[in-house]
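Asker: Can you keep this structure in mind? I'll have questions shortly.
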Amino acid sequence: MLASVAAGSAGSANAQAPDADPPLATATPSAEDQAFAADFERFLDRAMARFPSMPAISVAIVHRGVPVFVDAKGRADVETGIAATPDAPFYIASSTKSFVGTALALLDARGTINLDWTMRELAPDVTFAPDVPADKISLRDLLAHRHGLAGDAMAFRLAYSGEYDDATLLRLLAQIRPDPDIPPGSFRYGNIGYNIAAMLVERRIGRRWQDIVQDELLAPLAMTETLTEGLAARRGPRVAAPYRGAERLYLVKDDRTMHAAGGMYASASDMARWLTLQLQDKGELAQAAATARAPVATLDGAFGPFRRTGYGLGWYAGPYAEQTLYHAFGSFVGARAHVSVLPAAGLGVAAATNDEGAAFRIVDLAALYTYDWYLHGAAHADAKAAEQIESLAGQWARQVEKVAAQRAERAARASQLTLPAAAYAGDYCNADYGTIGVTPQGARLDLTMGRLHASAEPGEAPDTIRAELIPGQGEEFRFVVTGGVATAIEAFGSRFDPCIDSGGKAMPPPAIP
């Protein structure tokens with residue numbers, strides 16, 4: 001589908017400024033671009049025919065400032081038959097970081113914030129742990145993942161359970177500790193740096209990350225189908241539901257789990273605007289985008305065929321076809337996003353899917369097809385894509401067989417519980433991770449953690465169970481049993497004790513004679 005996406009750049013006030021960004025391109029695609037769009041559509045159709053369980057894919061491709069393909073195929077919601085459209089928002093997970101990094105780079109350029117402010121300068125009222133070098137770790141370090149901090153519990157609450165309030169987050173912030181496995185200043189990718197950065201910037205200037213991204217980027221770029229919040233009240237096209245192949249997954253995002261490291265839904269139409277910005281070189285927004293892409297941390301890694309030698313403010317950088325490719329990928333339960341730009345070739349690709357099955361890699365193949373077509377020609381791109389699709393089909397078939405065998409093995413296990421199910425009932429609390437609720441359902445136990453829930457399977461050791469509170473990520477829960485009473489749960493590397501009631505008394509599950 002050929003597309004032309006038009007948008008004003010910064011509203012009426014900014015439009016008068018001498019450094020305003022130029023309007024996004026409205027030119028008609030060239031004959032070359034039209035030929036590419038036809039070939040790319042055939043590529044997508046072949047991919048979806050080869051993987052019929054793939055629910056949907058949403059793609060935007062920009063060449064030299066012109067959106068040449070903006071479309072979506074499949075179903076945003078399979079059960080209700082809702083079609084994916086170019087305006088349907090798909091969850092882009094960690095690709096959110098590139099928006100947050102760009103927005104903060106913009107505020108830095110304006111003098112509203114300083115990316116070199118330290119944690120202590122951002123939040124002088126917070127007493128950090130003594131071994132945290134809060135007077136040395138800067139906002140730039142947090143955004144470039146070279147802060148050397150660990151904060152799994154905060155990241156878990158913000159991304160998954162949603163079980164928190166402001167006081168809890170502030171307490172966890174004050175308890176952040178150095179990561180013992182990472183030397184200070186070294187790169188390690190994660191969510192916690194962006195979680196901390198958002199909290200500290202809000203404390204310093206009184207603006208939430210959602211408002212900053214909305215006001216500084218989404219509104220000026222007219223990205224009207226991109227969401228950082230307001231999911232429950234949304235009246236536009238339905239956001240894409242999550243799947244693993246043909247299996248519908250229960251865990252969907254809500255406002256409480258939309259966070260600065262992974263908290264955006266975006267449509268193909270809007271991502272065309274975002275890519276067009278990345279390929280501009282004039283204007284305030286374009287300069288901020290370039291600043292965010294520029295590497296800050298150095299590394300030596302790869303994600304499939306995509307080399308990674310640097311990381312900026314939300315973007316990886318690495319060599320590709322003797323040029324520099326910048327990319328910001330994201331994944332979550334039932335979602336995957338690929339966003340990349342090759343500025344020297346004038347190319348940008350954004351592909352998102354509501355599938356963590358085969359489409360997890362199809363979004364990357366979509367980008368590879370695009371770059372191969374423009375750099376090496378249609379015949380090369382078609383031949384390579386056909387080979388890659390068949391290779392992926394074999395890998396996916398083996399993965400399906402592996403998962404089925406693992407599920408069958410677990411289903412055949414005998415219960416390892418030494419007490420009746422009712423003996424384990426109750427709420428178990430951990431100051432860092434929150435509350436695990438245990439409810440007997442006959443001989444089976446159901447677990448909850450905030451908005452997470454799962455039915456448990458037998459574990460492999462006495463008094464253990466396995467549960468996928470996060471679909472596809474099994475966790476072992478071990479009950480500590482003393483004198484016929486379940487006195488605690490060990491999970492997530494932590495201990496959960498019986499919760500304390502309002503009177504200060506523990507609420508243990510009942511003892512079984």
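Lettering and numbering for the structure tokens are positional, with chains as A, B, ... in the shown order, residues counted from 1 in each chain, and ligands counted from 1 in the shown order.
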Determine, counting only C-alpha atoms, which protein, DNA and RNA residues have an atom within 9 Å of an atom of Ala159 of chain A; residues of the same chain fewer than 2 positions away are not included. Present the result as a CSV table (one decimal) with C-alpha atoms, in the first residue's frame.

Answerer:
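Printed below is around-v4.csv as written:
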chain,number,residue,atom,x,y,z
A,154,MET,CA,10.9,-1.6,40.7
A,155,ALA,CA,11.1,-2.7,37.1
A,156,PHE,CA,8.9,-5.6,37.8
A,157,ARG,CA,6.2,-3.6,39.5
A,161,SER,CA,2.3,-6.3,38.3
A,162,GLY,CA,1.3,-2.7,38.5
A,191,ASN,CA,14.6,-0.9,32.0
A,253,LYS,CA,-1.0,-3.4,29.1
A,256,ARG,CA,-0.3,1.4,35.5
A,257,THR,CA,2.2,-0.7,33.5
A,258,MET,CA,2.9,1.9,30.8
A,259,HIS,CA,6.3,3.1,31.9
A,261,ALA,CA,11.2,2.1,29.4
A,262,GLY,CA,8.2,0.5,27.6
A,263,GLY,CA,5.0,2.4,27.6

Asker: Per residue of segment 54-139 of chain A within 8 Å of segment 306-315 of chain A, what are the shortest atom pair and its distance in Å to one decimal, counting only C-alpha atoms, with rows by chain and residue number, as CSV?

Answerer:
residue,atom,partner,partner_atom,distance
A:Ser95,CA,A:Gly314,CA,7.5
A:Thr96,CA,A:Gly314,CA,7.8
A:Lys97,CA,A:Gly314,CA,4.5
A:Ser98,CA,A:Gly314,CA,3.9
A:Phe99,CA,A:Gly314,CA,7.3
A:Val100,CA,A:Gly314,CA,7.3
A:Gly101,CA,A:Leu313,CA,4.6
A:Thr102,CA,A:Leu313,CA,7.0

Asker: Using atom CA of Ile436 of chain A and atom CA of Gln175 of chain A as the two end points, give the distance in Å to one decimal.

Answerer: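 One can read the atom CA of Ile436 of chain A to atom CA of Gln175 of chain A distance as 21.2 Å.
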
Asker: Please give the complete set of residues from segment 8-106 of chain A that DSSP, run on the backbone, assigns to strand (DSSP E), formatted as a compact mmCIF listing (two decimals) with N, CA and C atoms, in the first residue's frame.

Answerer:
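Below you can see out-v3.txt, which holds the result:
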# COMPACT_ATOMS: atom_id res chain seq x y z
N ALA A 56 -1.11 -10.49 13.12
CA ALA A 56 -1.08 -9.23 12.37
C ALA A 56 0.32 -8.65 12.37
N ILE A 57 0.54 -7.77 11.41
CA ILE A 57 1.79 -7.00 11.34
C ILE A 57 1.46 -5.61 10.82
N SER A 58 2.13 -4.63 11.37
CA SER A 58 1.92 -3.22 11.02
C SER A 58 3.26 -2.65 10.58
N VAL A 59 3.32 -2.02 9.41
CA VAL A 59 4.61 -1.60 8.84
C VAL A 59 4.54 -0.19 8.27
N ALA A 60 5.58 0.58 8.55
CA ALA A 60 5.79 1.88 7.91
C ALA A 60 7.21 1.91 7.37
N ILE A 61 7.35 2.34 6.12
CA ILE A 61 8.67 2.44 5.49
C ILE A 61 8.77 3.81 4.83
N VAL A 62 9.87 4.49 5.09
CA VAL A 62 10.10 5.82 4.55
C VAL A 62 11.40 5.80 3.75
N HIS A 63 11.38 6.40 2.56
CA HIS A 63 12.58 6.51 1.72
C HIS A 63 12.77 7.96 1.30
N VAL A 66 9.96 10.32 2.10
CA VAL A 66 8.63 10.01 1.58
C VAL A 66 8.16 8.66 2.12
N PRO A 67 7.00 8.60 2.79
CA PRO A 67 6.45 7.31 3.20
C PRO A 67 6.06 6.50 1.95
N VAL A 68 6.73 5.37 1.76
CA VAL A 68 6.49 4.58 0.55
C VAL A 68 5.63 3.35 0.82
N PHE A 69 5.52 2.96 2.07
CA PHE A 69 4.63 1.83 2.43
C PHE A 69 4.14 2.07 3.84
N VAL A 70 2.84 2.17 4.02
CA VAL A 70 2.22 2.32 5.35
C VAL A 70 0.96 1.48 5.34
N ASP A 71 1.01 0.34 6.04
CA ASP A 71 -0.13 -0.56 6.01
C ASP A 71 -0.05 -1.54 7.17
N ALA A 72 -1.13 -2.26 7.36
CA ALA A 72 -1.18 -3.33 8.36
C ALA A 72 -1.98 -4.47 7.77
N LYS A 73 -1.58 -5.68 8.10
CA LYS A 73 -2.26 -6.87 7.58
C LYS A 73 -2.62 -7.79 8.75
N GLY A 74 -3.68 -8.56 8.55
CA GLY A 74 -4.10 -9.50 9.57
C GLY A 74 -5.15 -8.93 10.49
N ARG A 75 -5.20 -9.49 11.71
CA ARG A 75 -6.23 -9.12 12.67
C ARG A 75 -5.62 -8.54 13.94
N ALA A 76 -6.08 -7.36 14.30
CA ALA A 76 -5.67 -6.79 15.58
C ALA A 76 -6.27 -7.58 16.74
N ASP A 77 -7.44 -8.16 16.51
CA ASP A 77 -8.11 -9.02 17.49
C ASP A 77 -8.73 -10.17 16.72
N ILE A 82 -11.54 -8.15 14.34
CA ILE A 82 -11.17 -6.76 14.06
C ILE A 82 -9.89 -6.72 13.24
N ALA A 83 -9.96 -6.12 12.08
CA ALA A 83 -8.81 -6.07 11.18
C ALA A 83 -7.75 -5.09 11.68
N PHE A 90 -0.20 -0.58 17.83
CA PHE A 90 0.47 -1.80 18.28
C PHE A 90 1.44 -1.42 19.38
N TYR A 91 1.59 -2.32 20.35
CA TYR A 91 2.51 -2.03 21.46
C TYR A 91 3.94 -2.10 20.95

Asker: When you look at segment 225-241 of chain A with a cut-off of 7 Å (counting only C-alpha atoms), what residues show up, excluding the ones that are within fewer than 4 positions of it in the same chain? I need them as a list in words.

Answerer: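 Surrounding residues, per the criterion: Ala76, Asp77, Asp87, Ala88, Pro89, Phe90, Gln210, Asp254, Asp255, Met258, Gly263, Met264, Tyr265, Ala266, Ser267, Asp270 and Asn354 of chain A.
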
Asker: Could those residues be written to a file, using C-alpha atoms, as a PDB file, in the first residue's frame?

Answerer:
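What landed in part-v1.pdb:
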ATOM      1  CA  ALA A  76      -5.670  -6.787  15.584  1.00  0.00           C
ATOM      2  CA  ASP A  77      -8.105  -9.022  17.494  1.00  0.00           C
ATOM      3  CA  ASP A  87      -4.224   3.541  12.238  1.00  0.00           C
ATOM      4  CA  ALA A  88      -4.436   0.633  14.707  1.00  0.00           C
ATOM      5  CA  PRO A  89      -1.958   1.055  17.581  1.00  0.00           C
ATOM      6  CA  PHE A  90       0.469  -1.801  18.276  1.00  0.00           C
ATOM      7  CA  GLN A 210       4.079  10.858  29.391  1.00  0.00           C
ATOM      8  CA  ASP A 254      -2.907  -0.824  31.155  1.00  0.00           C
ATOM      9  CA  ASP A 255      -1.978   2.659  32.308  1.00  0.00           C
ATOM     10  CA  MET A 258       2.909   1.877  30.756  1.00  0.00           C
ATOM     11  CA  GLY A 263       4.968   2.359  27.574  1.00  0.00           C
ATOM     12  CA  MET A 264       3.746   3.242  24.110  1.00  0.00           C
ATOM     13  CA  TYR A 265       1.342   1.972  21.466  1.00  0.00           C
ATOM     14  CA  ALA A 266       1.784   3.396  17.965  1.00  0.00           C
ATOM     15  CA  SER A 267       0.180   2.980  14.559  1.00  0.00           C
ATOM     16  CA  ASP A 270       2.255   7.570  13.125  1.00  0.00           C
ATOM     17  CA  ASN A 354       0.952  -8.540  18.169  1.00  0.00           C
TER      18      ASN A 354
END

Asker: Fewer than 3 positions away in the same chain doesn't count, so skip those; otherwise give me all residues within 12 Å of Ala486 of chain A, counting only C-alpha atoms, as a PDB file with C-alpha atoms, in the first residue's frame.

Answerer:
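Done, and the output landed in result-v1.pdb:
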ATOM      1  CA  LEU A 417       3.040 -30.401  47.806  1.00  0.00           C
ATOM      2  CA  THR A 418       3.390 -32.108  51.183  1.00  0.00           C
ATOM      3  CA  LEU A 419       0.234 -30.526  52.631  1.00  0.00           C
ATOM      4  CA  PRO A 420      -3.336 -30.201  51.366  1.00  0.00           C
ATOM      5  CA  ALA A 421      -3.827 -27.229  49.040  1.00  0.00           C
ATOM      6  CA  ALA A 422      -5.781 -25.291  51.663  1.00  0.00           C
ATOM      7  CA  ALA A 423      -2.706 -25.220  53.907  1.00  0.00           C
ATOM      8  CA  TYR A 424      -0.923 -22.882  51.498  1.00  0.00           C
ATOM      9  CA  ALA A 425      -3.719 -20.336  51.125  1.00  0.00           C
ATOM     10  CA  GLY A 426      -3.117 -16.721  51.995  1.00  0.00           C
ATOM     11  CA  ASP A 427      -1.246 -13.576  51.059  1.00  0.00           C
ATOM     12  CA  TYR A 428       2.529 -13.488  51.229  1.00  0.00           C
ATOM     13  CA  VAL A 438      -2.403 -18.028  46.894  1.00  0.00           C
ATOM     14  CA  ASP A 463       6.702 -28.030  48.207  1.00  0.00           C
ATOM     15  CA  THR A 464       7.418 -26.289  44.914  1.00  0.00           C
ATOM     16  CA  ARG A 478       8.982 -22.768  46.904  1.00  0.00           C
ATOM     17  CA  PHE A 479       6.905 -22.922  50.070  1.00  0.00           C
ATOM     18  CA  VAL A 480       8.789 -22.954  53.347  1.00  0.00           C
ATOM     19  CA  VAL A 481       6.922 -25.501  55.485  1.00  0.00           C
ATOM     20  CA  THR A 482       7.584 -25.708  59.214  1.00  0.00           C
ATOM     21  CA  GLY A 483       5.596 -27.851  61.614  1.00  0.00           C
ATOM     22  CA  ILE A 489       7.334 -18.421  49.808  1.00  0.00           C
ATOM     23  CA  GLU A 490      10.714 -18.121  48.105  1.00  0.00           C
ATOM     24  CA  PHE A 496       7.675 -13.552  50.877  1.00  0.00           C
ATOM     25  CA  ASP A 497       6.342 -13.816  54.443  1.00  0.00           C
ATOM     26  CA  PRO A 498       2.706 -13.898  55.543  1.00  0.00           C
ATOM     27  CA  MET A 507      -2.038 -13.671  58.765  1.00  0.00           C
ATOM     28  CA  PRO A 508      -0.664 -17.185  58.234  1.00  0.00           C
ATOM     29  CA  PRO A 509      -2.493 -19.853  56.270  1.00  0.00           C
ATOM     30  CA  PRO A 510      -4.192 -22.463  58.440  1.00  0.00           C
ATOM     31  CA  ALA A 511      -2.180 -25.294  59.970  1.00  0.00           C
ATOM     32  CA  ILE A 512      -3.174 -28.819  58.942  1.00  0.00           C
TER      33      ILE A 512
END

Asker: Of the residues A:Thr28, A:Ser455, A:Thr439, A:Thr353, which is the one nearest to Gly245 of chain A, using only C-alpha atoms?

Answerer: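 Ranked by minimum distance to Gly245 of chain A, first place goes to A:Thr353.
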
Asker: To test your reading of the structure, identify every residue in segment 270-300 of chain A that backbone DSSP assigns to helix (DSSP H, G or I), and report it as a list in words.

Answerer: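 For segment 270-300 of chain A, the helix (DSSP H, G or I) set is Asp270, Met271, Ala272, Arg273, Trp274, Leu275, Thr276, Leu277, Gln278, Glu284, Leu285, Ala286, Gln287, Ala288, Ala289, Ala290, Thr291, Ala292 and Arg293 of chain A.
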
Asker: I want to know what sits within 9 Å of Ile182 of chain A, based on only C-alpha atoms, with residues of the same chain fewer than 4 positions away left out; could you give that as JSON, numbers by chain?

Answerer: {"A": [148, 149, 178, 186, 187, 188]}

Asker: Under the rule that only C-alpha atoms are counted, which of A:Leu347, A:Val201, A:Leu143, A:Leu249 is the nearest residue to Tyr374 of chain A?

Answerer: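 Of A:Leu347, A:Val201, A:Leu143, A:Leu249, the one nearest Tyr374 of chain A is A:Leu347, counting only C-alpha atoms.
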